[in-house]
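> Just one file: run.txt, with compact mmCIF, C-alpha atoms.
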# COMPACT_ATOMS: atom_id res chain seq x y z
CA MET A 22 -20.38 -17.37 11.39
CA GLU A 23 -20.61 -15.97 14.92
CA THR A 24 -20.92 -12.20 15.19
CA SER A 25 -19.98 -10.04 18.18
CA ILE A 26 -20.96 -6.33 18.27
CA VAL A 27 -19.79 -3.98 21.02
CA GLY A 28 -20.07 -0.22 21.44
CA VAL A 29 -17.65 2.15 23.16
CA GLY A 30 -19.35 5.40 24.12
CA VAL A 31 -22.36 4.51 22.00
CA GLY A 32 -25.30 2.16 22.32
CA ILE A 33 -25.87 -0.62 19.78
CA THR A 34 -29.43 -0.53 18.51
CA ASP A 35 -31.42 -3.43 17.07
CA ARG A 36 -31.48 -1.61 13.72
CA PHE A 37 -27.69 -1.48 13.64
CA ARG A 38 -27.45 -5.19 14.50
CA THR A 39 -29.85 -5.99 11.66
CA VAL A 40 -27.83 -3.94 9.18
CA VAL A 41 -24.63 -5.66 10.31
CA GLU A 42 -26.16 -9.09 9.69
CA GLU A 43 -27.18 -7.96 6.20
CA LYS A 44 -23.78 -6.49 5.36
CA ILE A 45 -21.67 -9.42 6.51
CA ALA A 46 -23.28 -11.68 3.89
CA LYS A 47 -20.74 -10.22 1.44
CA ILE A 48 -17.89 -11.15 3.79
CA GLN A 49 -19.20 -14.69 4.31
CA MET A 50 -19.20 -15.28 0.54
CA LEU A 51 -15.51 -14.36 0.35
CA ALA A 52 -14.43 -16.04 3.60
CA SER A 53 -16.29 -19.33 3.92
CA ARG A 54 -13.80 -20.57 6.56
CA ALA A 55 -14.37 -17.60 8.85
CA GLN A 56 -15.55 -18.49 12.34
CA ARG A 57 -16.20 -15.15 14.02
CA LEU A 58 -16.56 -11.48 13.10
CA ASP A 59 -15.99 -8.90 15.83
CA VAL A 60 -17.55 -5.50 15.24
CA LYS A 61 -16.49 -2.60 17.47
CA VAL A 62 -18.14 0.84 17.24
CA THR A 63 -16.37 3.73 18.99
CA HIS A 64 -17.96 7.15 19.45
CA ARG A 65 -15.44 9.98 19.81
CA VAL A 66 -16.16 13.50 21.02
CA TYR A 67 -13.52 16.22 20.51
CA ARG A 68 -12.97 19.32 22.63
CA ASN A 69 -11.57 21.51 19.87
CA GLY A 70 -14.92 21.95 18.18
CA ARG A 71 -14.44 19.07 15.76
CA VAL A 72 -17.62 17.21 14.90
CA PRO A 73 -17.96 13.88 16.79
CA ASP A 74 -17.46 10.78 14.71
CA GLU A 75 -17.96 7.03 14.79
CA THR A 76 -15.25 4.44 14.06
CA VAL A 77 -16.23 0.91 13.05
CA GLU A 78 -13.55 -1.76 13.44
CA LEU A 79 -14.00 -5.22 11.91
CA THR A 80 -11.91 -8.23 12.93
CA LEU A 81 -12.43 -11.50 11.05
CA ILE A 82 -11.15 -14.65 12.78
CA GLY A 83 -11.02 -18.10 11.23
CA LYS A 84 -8.77 -20.83 9.85
CA GLY A 85 -6.35 -18.40 8.31
CA PRO A 86 -4.80 -14.97 8.85
CA VAL A 87 -6.74 -12.52 11.00
CA VAL A 88 -8.22 -9.84 8.74
CA ARG A 89 -8.89 -6.34 10.05
CA ALA A 90 -10.50 -3.24 8.58
CA GLU A 91 -11.79 0.02 10.00
CA ALA A 92 -13.42 3.23 8.84
CA THR A 93 -14.52 6.49 10.43
CA ASP A 94 -17.48 8.73 9.59
CA GLY A 95 -19.98 10.96 11.33
CA ASP A 96 -22.60 8.26 10.74
CA LYS A 97 -21.86 4.77 12.06
CA PHE A 98 -23.88 3.20 9.24
CA VAL A 99 -21.69 4.89 6.65
CA ALA A 100 -18.58 3.87 8.60
CA LEU A 101 -19.88 0.28 8.60
CA ASP A 102 -20.33 0.35 4.83
CA LEU A 103 -16.79 1.67 4.31
CA ALA A 104 -15.26 -0.91 6.67
CA VAL A 105 -17.13 -3.79 5.02
CA ASP A 106 -15.97 -2.59 1.59
CA LYS A 107 -12.35 -2.45 2.80
CA MET A 108 -12.50 -5.94 4.28
CA SER A 109 -14.22 -7.34 1.19
CA GLU A 110 -11.48 -5.90 -1.01
CA GLN A 111 -8.77 -7.45 1.20
CA LEU A 112 -10.49 -10.84 1.07
CA ARG A 113 -11.00 -10.59 -2.69
CA ARG A 114 -7.30 -9.81 -3.27
CA ALA A 115 -6.24 -12.69 -1.01
CA LYS A 116 -8.59 -15.10 -2.80
CA GLU A 117 -7.31 -14.06 -6.24
CA LYS A 118 -3.76 -14.47 -4.99
CA ARG A 119 -4.45 -18.02 -3.75
CA VAL A 120 -6.02 -18.99 -7.07
CA ASP A 121 -3.13 -17.47 -9.02
CA GLY A 122 -0.64 -19.23 -6.76
CA ARG A 123 -2.23 -22.61 -7.50
CA GLN A 124 -2.32 -21.95 -11.24
CA HIS A 125 1.12 -20.34 -11.46
CA PRO A 126 3.27 -21.70 -8.61
CA ARG A 127 6.32 -19.62 -7.77
CA GLY A 128 9.83 -21.05 -7.48
CA ALA A 129 11.27 -24.23 -8.96
CA HIS A 130 8.90 -27.12 -9.63
CA PHE A 131 9.04 -30.35 -11.61
CA GLU A 132 6.80 -30.77 -14.64
CA LYS A 133 5.74 -34.42 -14.78
CA GLY A 134 4.74 -34.27 -18.43
CA SER A 135 7.98 -32.88 -19.87
CA GLY A 136 10.33 -33.96 -17.09
CA ALA A 137 11.75 -30.41 -16.98
CA LEU A 138 12.43 -28.00 -14.17
CA GLU A 139 10.18 -24.93 -14.42
CA GLY A 140 10.38 -21.64 -12.57
CA ILE A 141 14.18 -21.58 -12.34
CA ASP A 142 16.72 -20.29 -14.85
CA VAL A 143 18.88 -23.44 -14.82
CA GLN A 144 19.35 -26.00 -17.58
CA PRO A 145 19.95 -29.49 -16.11
CA ALA A 146 23.05 -31.28 -17.41
CA SER A 147 22.53 -34.36 -19.54
CA ALA A 148 23.42 -37.86 -18.34
CA ASP A 149 26.36 -38.00 -20.80
CA ILE A 150 27.92 -34.81 -19.40
CA LEU A 151 27.49 -35.97 -15.80
CA HIS A 152 29.15 -39.30 -16.66
CA ALA A 153 32.04 -37.53 -18.42
CA VAL A 154 32.68 -35.27 -15.44
CA ALA A 155 32.47 -38.19 -12.99
CA THR A 156 34.95 -40.31 -14.96
CA GLY A 157 37.36 -37.43 -15.60
CA SER A 158 37.07 -37.61 -19.39
CA MET A 159 35.83 -34.01 -19.38
CA PRO A 160 38.13 -31.53 -17.60
CA VAL A 161 36.55 -29.25 -15.02
CA GLN A 162 37.91 -25.72 -14.82
CA GLN A 163 37.95 -24.18 -11.36
CA SER A 164 38.11 -20.46 -10.96
CA GLU A 165 40.43 -19.02 -8.31
CA GLU A 166 39.29 -15.43 -8.73
CA GLU A 167 36.94 -15.54 -5.75
CA GLU A 168 37.29 -17.44 -2.51
CA TYR A 169 34.44 -19.85 -1.93
CA SER A 170 32.09 -19.08 0.92
CA PRO A 171 29.01 -21.10 1.92
CA VAL A 172 27.30 -17.90 3.11
CA VAL A 173 25.80 -15.63 0.47
CA ILE A 174 24.70 -12.19 1.63
CA ARG A 175 22.52 -10.14 -0.71
CA THR A 176 21.79 -6.51 0.02
CA LYS A 177 18.74 -4.54 -1.09
CA SER A 178 17.82 -0.94 -0.35
CA PHE A 179 14.33 0.57 -0.46
CA ASP A 180 12.94 4.04 0.11
CA ALA A 181 11.34 4.41 3.55
CA GLU A 182 7.53 4.42 3.66
CA TRP A 183 5.49 5.84 6.54
CA MET A 184 2.31 3.89 7.32
CA THR A 185 0.29 2.37 10.13
CA VAL A 186 0.80 -1.18 11.39
CA GLU A 187 -2.52 -2.18 9.83
CA GLU A 188 -1.46 -0.81 6.45
CA ALA A 189 1.87 -2.63 6.74
CA VAL A 190 0.07 -5.93 7.38
CA ASP A 191 -2.14 -5.33 4.33
CA ARG A 192 0.92 -4.54 2.19
CA MET A 193 2.68 -7.69 3.44
CA GLU A 194 -0.33 -9.81 2.51
CA LEU A 195 -0.53 -8.11 -0.86
CA VAL A 196 3.10 -8.78 -1.84
CA GLY A 197 3.07 -12.28 -0.35
CA HIS A 198 6.04 -11.92 2.00
CA ASP A 199 6.45 -13.17 5.56
CA PHE A 200 7.59 -9.75 6.77
CA PHE A 201 7.41 -6.10 5.74
CA LEU A 202 9.68 -3.16 6.67
CA PHE A 203 8.19 0.28 7.19
CA VAL A 204 8.30 3.40 9.36
CA ASP A 205 5.44 3.56 11.87
CA VAL A 206 3.56 6.79 11.20
CA ARG A 207 2.41 6.90 14.85
CA THR A 208 5.93 6.72 16.35
CA ASP A 209 8.35 7.47 13.47
CA HIS A 210 10.24 4.30 14.49
CA PRO A 211 11.64 1.89 11.88
CA SER A 212 9.54 -1.25 12.30
CA VAL A 213 8.80 -4.64 10.77
CA VAL A 214 5.61 -6.68 10.80
CA TYR A 215 5.96 -10.46 10.49
CA ARG A 216 3.94 -13.62 10.57
CA ARG A 217 3.83 -15.71 13.73
CA LYS A 218 2.58 -19.23 14.30
CA GLY A 219 -1.14 -19.66 14.71
CA TRP A 220 -2.01 -17.00 12.07
CA ASP A 221 -0.94 -14.13 14.31
CA TYR A 222 1.21 -11.15 13.45
CA GLY A 223 4.07 -9.54 15.35
CA VAL A 224 5.69 -6.11 15.25
CA ILE A 225 9.33 -5.26 16.02
CA ALA A 226 10.31 -1.58 16.29
CA LEU A 227 13.63 0.20 16.79
CA SER A 228 13.59 2.95 19.40
CA THR A 229 15.11 6.21 18.17
CA GLN A 230 18.42 6.94 19.90
CA ALA A 231 21.35 9.26 19.37
CA PRO A 232 23.98 7.98 16.89
CA PRO A 233 27.03 6.29 18.52
CA SER A 234 29.30 9.30 17.81
CA GLU A 235 26.94 11.69 19.56
CA ALA A 236 26.50 9.30 22.48
CA LEU A 237 30.27 9.04 22.98
CA ALA A 238 30.73 12.82 22.72
CA SER A 239 28.21 13.42 25.49
Would you mind writing the file out in structure tokens?


Amino acid sequence: METSIVGVGVGITDRFRTVVEEKIAKIQMLASRAQRLDVKVTHRVYRNGRVPDETVELTLIGKGPVVRAEATDGDKFVALDLAVDKMSEQLRRAKEKRVDGRQHPRGAHFEKGSGALEGIDVQPASADILHAVATGSMPVQQSEEEEYSPVVIRTKSFDAEWMTVEEAVDRMELVGHDFFLFVDVRTDHPSVVYRRKGWDYGVIALSTQAPPSEALAS
């Protein structure tokens, strides 16, 4: 796996490079298809008397979703350890999820042994019943209480959660959805992260504006 290490406001020593090579062995064991790991170290100095710190950002690129993790500490070696632990945990959860998905597939599937439909709460009709309905020997009762519509709209409501985009991506991967709604903690804008083609992610955010009634009144 190719490794790239860059420093922003801080020099990258040979000792740090050696430690990185030692630490990423754990990541390689969990992500055998990974092609490149980008390591970015940023040194920040604050004017309000706050102690300077180091942020280590890890970006894992390969034949799959891009995995990111970061951590901040006064010591860049400690920050590296924390970031590696975070990324390892993300990879471990994703690996367990893939294994569980193969052993317990979600949704409807056909069991070859029993010839039954599994994963769906529907009992298939027997051949005799289908023949009786087709020939008209069994009456079919049609309900007129509701008008038929080919479009079914289901509504769900959730409590708003404030988080970063990175945390939203992690949560989306954890629950196994293709998108995740949240409120961006950096902007307070309702947002959604979603999967794009090529293992990329996208973010859509709604800009905060005055409600229509207030806009008309002004």

> Might you pull out every residue within 12 Å of Met50 in chain A, with all atoms listed in the file counted and same-chain residues fewer than 2 positions away left off, and present them as a ChimeraX atom specification?

/A:22,44-48,52-55,109,112-113,116

> At what distance in Å, to one decimal, does CA of Arg207 in chain A lie from CA of Asp102 in chain A?

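Result for CA of Asp102 in chain A versus CA of Arg207 in chain A: 25.7 Å, one decimal.
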
> Give me the residues within 8 Å of Val190 in chain A as an mmCIF file with C-alpha atoms, in the frame of the given file, counting only C-alpha atoms and dropping any in the same chain fewer than 3 places off.


data_model
loop_
_atom_site.group_PDB
_atom_site.id
_atom_site.type_symbol
_atom_site.label_atom_id
_atom_site.label_comp_id
_atom_site.auth_asym_id
_atom_site.auth_seq_id
_atom_site.Cartn_x
_atom_site.Cartn_y
_atom_site.Cartn_z
ATOM 1 C CA VAL A 186 0.800 -1.180 11.390
ATOM 2 C CA GLU A 187 -2.520 -2.180 9.830
ATOM 3 C CA MET A 193 2.680 -7.690 3.440
ATOM 4 C CA GLU A 194 -0.330 -9.810 2.510
ATOM 5 C CA PHE A 201 7.410 -6.100 5.740
ATOM 6 C CA VAL A 214 5.610 -6.680 10.800
#

> For a test of reading the model, state the distance in Å between CA of Asp94 in chain A and CA of His64 in chain A, rounded to one decimal.

10.0 Å

> May I ask for the distance between CA of Val41 in chain A and CA of Glu110 in chain A, given in Å to one decimal place?

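These two atoms are separated by 17.4 Å.
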
> With all atoms listed in the file as the basis for distance, which of A:Phe98, A:Leu58, A:Gln49, A:Arg217 is at the shortest distance from Ile33 in chain A?

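Of all the options, A:Phe98 lies closest to Ile33 in chain A.
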
> Find the residues near range 72-85 of chain A: any atom within 8 Å, counting all atoms listed in the file, skip ones fewer than 3 places away on the same chain, and give them as a ChimeraX atom specification.

/A:54-67,88-97,100-101,104-105,108,220

> Find the residue from A:Asp106, A:Gln111, A:Thr185, A:Thr24 that sits nearest to Thr208 in chain A; use only C-alpha atoms when measuring.

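Ranking A:Asp106, A:Gln111, A:Thr185, A:Thr24 by distance to Thr208 in chain A, first place goes to A:Thr185.
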
> Tell me which of A:Gly30, A:Pro86, A:Asn69, A:Glu43 sits closest to Asp191 in chain A, counting all atoms listed in the file.

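Between A:Gly30, A:Pro86, A:Asn69, A:Glu43, the residue approaching Asp191 in chain A most closely is A:Pro86.
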
> Take every atom of range 189-195 of chain A listed in the file, pad by 6 Å on each side, and give me the axis-aligned box centre and edge lengths in Å, one decimal, as AutoDock Vina command-line options.


--center_x 0.3 --center_y -6.2 --center_z 3.3 --size_x 16.8 --size_y 19.2 --size_z 20.2

> Show me, as an NGL selection string, the residues that have an atom within 12 Å of Asp180 in chain A when counting only C-alpha atoms, minus same-chain residues fewer than 2 positions from it.

:A and (177-178 or 182-183 or 202-204)
